[in-house]
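One file, coords07.cif, carrying mmCIF, C-alpha atoms:
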```
data_start
loop_
_atom_site.label_atom_id
_atom_site.label_comp_id
_atom_site.auth_asym_id
_atom_site.auth_seq_id
_atom_site.Cartn_x
_atom_site.Cartn_y
_atom_site.Cartn_z
CA MET P 364 95.85 55.62 -66.35
CA ASN P 365 95.70 59.18 -65.08
CA ASN P 366 94.64 59.49 -61.45
CA ILE P 367 93.61 62.77 -59.86
CA PHE P 368 95.13 61.73 -56.53
CA ASN P 369 98.61 61.00 -57.94
CA LEU P 370 100.79 63.92 -56.93
CA PRO P 371 104.23 64.84 -58.26
CA SER P 372 106.98 63.47 -56.02
CA SER P 373 108.00 67.01 -55.12
CA LEU P 374 105.60 69.93 -54.97
CA PRO P 375 106.57 73.56 -55.52
CA ASN P 376 106.08 76.11 -52.77
CA ARG P 377 103.09 77.58 -54.61
CA GLU P 378 99.75 76.39 -55.87
CA LEU P 379 99.99 74.09 -58.86
CA PHE P 380 97.49 74.55 -61.71
CA GLU P 381 97.41 71.71 -64.23
CA SER P 382 95.21 71.78 -67.30
CA ILE P 383 93.42 68.50 -68.02
CA ILE P 384 91.01 69.62 -70.76
CA SER P 385 91.39 72.98 -72.45
CA ASN P 386 89.79 74.66 -75.43
CA ASP P 387 87.88 77.87 -76.19
CA ASN P 388 84.80 76.36 -74.61
CA ILE P 389 86.02 74.87 -71.38
CA LEU P 390 88.91 74.40 -69.00
CA ILE P 391 89.08 71.45 -66.65
CA GLU P 392 92.02 71.75 -64.30
CA ARG P 393 93.51 70.20 -61.21
CA ILE P 394 94.71 72.57 -58.54
CA ILE P 395 97.00 71.42 -55.75
CA SER P 396 97.20 73.72 -52.75
CA THR P 397 99.76 73.16 -50.05
CA GLY P 398 98.75 75.71 -47.47
CA GLN P 399 98.55 78.69 -49.82
CA THR P 400 95.82 81.32 -49.48
CA THR P 401 94.82 84.30 -51.58
CA PRO P 402 97.08 87.25 -50.58
CA ALA P 403 95.51 89.69 -48.13
CA GLY P 404 93.21 92.17 -49.82
CA GLU P 405 93.13 90.26 -53.11
CA TRP P 406 90.12 88.60 -54.72
CA TYR P 407 89.49 86.21 -57.54
CA ASP P 408 87.23 88.00 -60.01
CA GLN P 409 86.87 85.61 -62.93
CA GLU P 410 85.57 86.20 -66.44
CA LYS P 411 84.06 82.71 -66.57
CA ASP P 412 81.82 80.64 -64.34
CA GLU P 413 83.53 78.04 -62.21
CA TRP P 414 82.33 74.74 -60.79
CA VAL P 415 84.80 73.44 -58.26
CA ILE P 416 85.04 70.37 -56.09
CA LEU P 417 87.53 69.71 -53.32
CA LEU P 418 88.65 66.10 -53.64
CA GLN P 419 91.20 65.94 -50.85
CA GLY P 420 91.95 68.08 -47.82
CA PHE P 421 90.20 70.91 -46.04
CA ALA P 422 89.75 74.48 -47.24
CA THR P 423 87.89 77.69 -46.51
CA LEU P 424 86.62 80.14 -49.11
CA SER P 425 85.09 83.54 -48.46
CA TYR P 426 82.93 85.96 -50.39
CA GLU P 427 82.85 89.75 -50.41
CA ASP P 428 79.89 89.80 -48.02
CA GLY P 429 82.11 88.20 -45.40
CA SER P 430 80.49 84.77 -45.54
CA GLN P 431 82.85 81.83 -45.19
CA ILE P 432 82.48 78.38 -46.67
CA LYS P 433 84.32 75.47 -45.13
CA LEU P 434 84.99 72.62 -47.54
CA THR P 435 85.94 69.03 -46.94
CA ALA P 436 86.62 66.25 -49.45
CA GLY P 437 83.73 65.91 -51.87
CA ASP P 438 82.19 69.33 -51.26
CA TYR P 439 81.46 71.27 -54.42
CA LEU P 440 80.08 74.66 -55.35
CA PHE P 441 79.28 76.90 -58.28
CA ILE P 442 80.94 80.31 -58.48
CA PRO P 443 79.32 82.53 -61.14
CA ALA P 444 81.59 84.78 -63.21
CA HIS P 445 82.59 87.91 -61.32
CA GLN P 446 81.47 86.60 -57.94
CA LYS P 447 84.49 87.74 -55.99
CA HIS P 448 85.96 85.09 -53.73
CA ARG P 449 89.12 84.34 -51.81
CA VAL P 450 90.82 81.22 -50.51
CA GLU P 451 91.23 81.76 -46.76
CA TYR P 452 92.71 78.41 -45.82
CA THR P 453 94.05 75.24 -47.42
CA SER P 454 95.24 72.26 -45.42
CA THR P 455 98.70 70.72 -45.73
CA SER P 456 97.96 67.42 -44.03
CA PRO P 457 96.68 66.27 -46.37
CA ASN P 458 97.31 68.74 -49.18
CA CYS P 459 94.29 70.04 -51.07
CA ILE P 460 93.37 68.60 -54.45
CA TRP P 461 90.74 70.56 -56.34
CA LEU P 462 89.04 69.84 -59.62
CA ALA P 463 87.73 72.98 -61.31
CA VAL P 464 85.64 73.42 -64.46
CA HIS P 465 85.66 76.89 -66.06
CA GLY P 466 83.33 77.98 -68.84
CA ASP P 467 79.83 79.19 -69.55
CA LEU P 468 78.14 77.09 -66.90
CA LYS P 469 75.01 79.08 -66.16
CA SER P 470 71.83 77.06 -66.22
CA VAL P 471 69.33 77.88 -68.94
CA MET Q 727 77.01 72.22 -48.76
CA ASN Q 728 76.65 69.70 -51.57
CA ASN Q 729 79.00 66.74 -51.33
CA ILE Q 730 79.61 64.31 -54.18
CA PHE Q 731 80.00 61.42 -51.73
CA ASN Q 732 76.63 61.93 -50.03
CA LEU Q 733 74.33 59.26 -51.36
CA PRO Q 734 70.56 59.04 -51.08
CA SER Q 735 69.52 56.88 -48.13
CA SER Q 736 68.01 54.37 -50.53
CA LEU Q 737 69.30 53.73 -54.03
CA PRO Q 738 67.18 52.46 -56.92
CA ASN Q 739 68.02 49.17 -58.59
CA ARG Q 740 69.40 51.00 -61.61
CA GLU Q 741 72.10 53.56 -62.33
CA LEU Q 742 71.30 57.01 -61.03
CA PHE Q 743 72.13 60.00 -63.25
CA GLU Q 744 71.96 63.36 -61.49
CA SER Q 745 72.55 66.63 -63.30
CA ILE Q 746 74.72 69.12 -61.40
CA ILE Q 747 75.33 71.73 -64.12
CA SER Q 748 73.31 71.70 -67.33
CA ASN Q 749 72.96 74.07 -70.27
CA ASP Q 750 73.36 73.97 -74.06
CA ASN Q 751 77.11 74.11 -73.60
CA ILE Q 752 77.85 71.56 -70.93
CA LEU Q 753 76.49 68.86 -68.69
CA ILE Q 754 78.18 67.98 -65.41
CA GLU Q 755 76.55 64.98 -63.81
CA ARG Q 756 77.01 62.50 -61.01
CA ILE Q 757 76.42 58.87 -61.85
CA ILE Q 758 75.94 56.26 -59.15
CA SER Q 759 76.39 52.66 -60.25
CA THR Q 760 75.46 49.81 -57.96
CA GLY Q 761 76.69 46.83 -59.92
CA GLN Q 762 75.02 47.71 -63.21
CA THR Q 763 76.75 47.13 -66.54
CA THR Q 764 75.89 48.01 -70.11
CA PRO Q 765 73.52 45.33 -71.43
CA ALA Q 766 75.19 42.65 -73.56
CA GLY Q 767 75.74 43.75 -77.13
CA GLU Q 768 74.98 47.41 -76.40
CA TRP Q 769 77.37 50.35 -76.65
CA TYR Q 770 77.42 53.94 -75.59
CA ASP Q 771 77.80 56.00 -78.77
CA GLN Q 772 77.59 59.61 -77.62
CA GLU Q 773 77.06 62.78 -79.62
CA LYS Q 774 79.31 64.75 -77.27
CA ASP Q 775 82.76 64.31 -75.82
CA GLU Q 776 82.94 63.04 -72.26
CA TRP Q 777 85.51 63.50 -69.53
CA VAL Q 778 84.81 61.12 -66.69
CA ILE Q 779 86.40 60.41 -63.35
CA LEU Q 780 85.61 57.57 -60.99
CA LEU Q 781 85.56 59.00 -57.46
CA GLN Q 782 84.57 55.90 -55.50
CA GLY Q 783 84.58 52.19 -56.23
CA PHE Q 784 86.03 50.00 -58.95
CA ALA Q 785 84.89 49.72 -62.55
CA THR Q 786 85.87 48.30 -65.92
CA LEU Q 787 85.17 49.92 -69.28
CA SER Q 788 85.78 48.43 -72.68
CA TYR Q 789 86.13 49.73 -76.22
CA GLU Q 790 85.10 48.25 -79.53
CA ASP Q 791 88.64 47.00 -80.19
CA GLY Q 792 88.31 44.74 -77.16
CA SER Q 793 90.62 46.71 -74.90
CA GLN Q 794 89.58 46.92 -71.27
CA ILE Q 795 90.26 49.72 -68.83
CA LYS Q 796 90.16 49.05 -65.12
CA LEU Q 797 89.40 52.10 -63.02
CA THR Q 798 89.86 52.77 -59.34
CA ALA Q 799 89.00 55.87 -57.33
CA GLY Q 800 90.58 58.94 -58.89
CA ASP Q 801 91.17 57.46 -62.34
CA TYR Q 802 89.92 59.63 -65.18
CA LEU Q 803 89.76 59.45 -68.94
CA PHE Q 804 88.58 61.31 -72.03
CA ILE Q 805 86.08 59.63 -74.33
CA PRO Q 806 85.71 61.49 -77.65
CA ALA Q 807 82.25 61.72 -79.19
CA HIS Q 808 81.27 58.50 -80.98
CA GLN Q 809 84.02 56.44 -79.41
CA LYS Q 810 81.92 53.42 -78.60
CA HIS Q 811 82.38 52.11 -75.08
CA ARG Q 812 80.67 49.84 -72.58
CA VAL Q 813 80.66 49.50 -68.83
CA GLU Q 814 81.72 45.91 -68.12
CA TYR Q 815 81.80 46.02 -64.34
CA THR Q 816 80.89 48.32 -61.46
CA SER Q 817 81.54 47.46 -57.83
CA THR Q 818 78.89 47.37 -55.14
CA SER Q 819 81.19 47.45 -52.13
CA PRO Q 820 81.64 50.31 -52.31
CA ASN Q 821 79.20 51.56 -54.93
CA CYS Q 822 80.65 53.53 -57.83
CA ILE Q 823 80.43 57.31 -57.86
CA TRP Q 824 81.34 58.92 -61.19
CA LEU Q 825 81.64 62.55 -62.15
CA ALA Q 826 81.14 63.10 -65.88
CA VAL Q 827 81.49 66.26 -67.98
CA HIS Q 828 79.81 66.23 -71.41
CA GLY Q 829 80.33 68.86 -74.08
CA ASP Q 830 82.69 69.99 -76.80
CA LEU Q 831 85.88 69.03 -74.97
CA LYS Q 832 88.31 68.50 -77.82
CA SER Q 833 91.60 70.28 -77.40
CA VAL Q 834 92.36 73.02 -79.88
#
```

The structure given in the file should be rewritten as structure tokens.
Amino acid sequence: MNNIFNLPSSLPNRELFESIISNDNILIERIISTGQTTPAGEWYDQEKDEWVILLQGFATLSYEDGSQIKLTAGDYLFIPAHQKHRVEYTSTSPNCIWLAVHGDLKSV
Amino acid sequence: MNNIFNLPSSLPNRELFESIISNDNILIERIISTGQTTPAGEWYDQEKDEWVILLQGFATLSYEDGSQIKLTAGDYLFIPAHQKHRVEYTSTSPNCIWLAVHGDLKSV
């Protein structure tokens, strides 16, 4: 049985992106962050909508308007395509486990 | 901030299905089970693929071939469209919190 909380015995010194479900329609991925943040001055500017939930750890995201969002385990949010965002902080004790869904997720 | 683990102060005496993201393409929903199971002799036979993760509690699913799958927090699985399945058991202490994604999820 696959378990989202089962981590590899050794983690690389970078964020780990693992595809769980992937086709032209959708990507469901697990992301493991071990203290990494988005490099200074850089932004995520994604072609697709993202729904993301933090399942373990603590993290802080920020938007272009300067607002910051602190996340703890279970917190989730919707990031529309092209809404620029950065990861300002990810905890290492425990490491962060994210589940992200990418696709056309806008409500009709 | 929305948190998947925040439950209503009172839960109904039935499973609770709450849509988080919904359009023609995809449905992301939270399901809260408080001991409910699929009625005897009934099966889920879904038009769409489902990816489901149990985030809290303990549960047992079964398939038509008689195989049973025991799930604990973090366990996830892919259920292709029309793969008949039942929920045989859901815990009440703690209650079960599921996150399910429905859509065209088949890998290309």

Practice task
Could you list the residues in chain P lying within 10 Å of chain Q, using all atoms listed in the file, and format the result as a PyMOL selection string?
Solution key: chain P and resi 364-369+383-391+414+416-418+432-441+464+466-471

Handout entry: Which of P:Gly398, P:Leu370, P:Ile442, P:Gly429 sits closest to P:Val415 [using only C-alpha atoms]
Key = P:Ile442

Fill in the blank from the handout: Counting all atoms listed in the file, the residue among Q:Thr764, Q:Ile823, Q:Glu814, Q:Gln772 that lies closest to Q:Leu787 is Q:Glu814

Exercise for the section: State, in Å with one decimal place, the distance from atom CA of P:Trp406 to atom CA of P:Asn376. Expected result: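 Between these atoms lies a distance of 20.4 Å.
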
Handout entry: Selection result for the PyMOL selection byres ((chain Q and resi 740) around 9) on this file, as an MDAnalysis selection string
Key = chainID Q and resid 737:739 741:742 758:762

Using only the atoms of stretch 424-438 of chain P listed in the file, plus 5 Å on each side, state the axis-aligned box centre and edge lengths in Å rounded to one decimal, as lines of an AutoDock Vina configuration file.
```
center_x = 83.3
center_y = 77.9
center_z = -48.5
size_x = 16.7
size_y = 33.9
size_z = 16.7
```

Practice task
Within 6 Å of P:Glu392, counting all atoms listed in the file, which residues show up once you throw out same-chain ones fewer than 6 positions away? Write them as a ChimeraX atom specification, please.
Solution key: /P:381-383,462-463

Practice task
Translate the PyMOL selection byres ((chain Q and resi 817-819) around 8), as applied to the file shown, into an explicit residue set as an MDAnalysis selection string.
Solution key: chainID Q and resid 759:761 783:785 815:816 820:822

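The space separating atom CA of Q:Glu773 from atom CA of Q:Lys810 comes to 10.6 Å.
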
Practice task
Using only C-alpha atoms, determine which residues lie at most 12 Å from Q:Asp771, disregarding the query and same-chain residues fewer than 4 positions distant; provide the list as a list in words.
Solution key: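 Once the adjacent positions are removed, what remains is Thr764, Asp775, Glu776, Tyr789, Glu790, Ile805, Pro806, Ala807, His808, Gln809, Lys810, His811 and Arg812 of chain Q.
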
Handout entry: Point-to-point distance in Å for atom CA of Q:Arg756 and atom CA of Q:Tyr770
Key = 16.9 Å
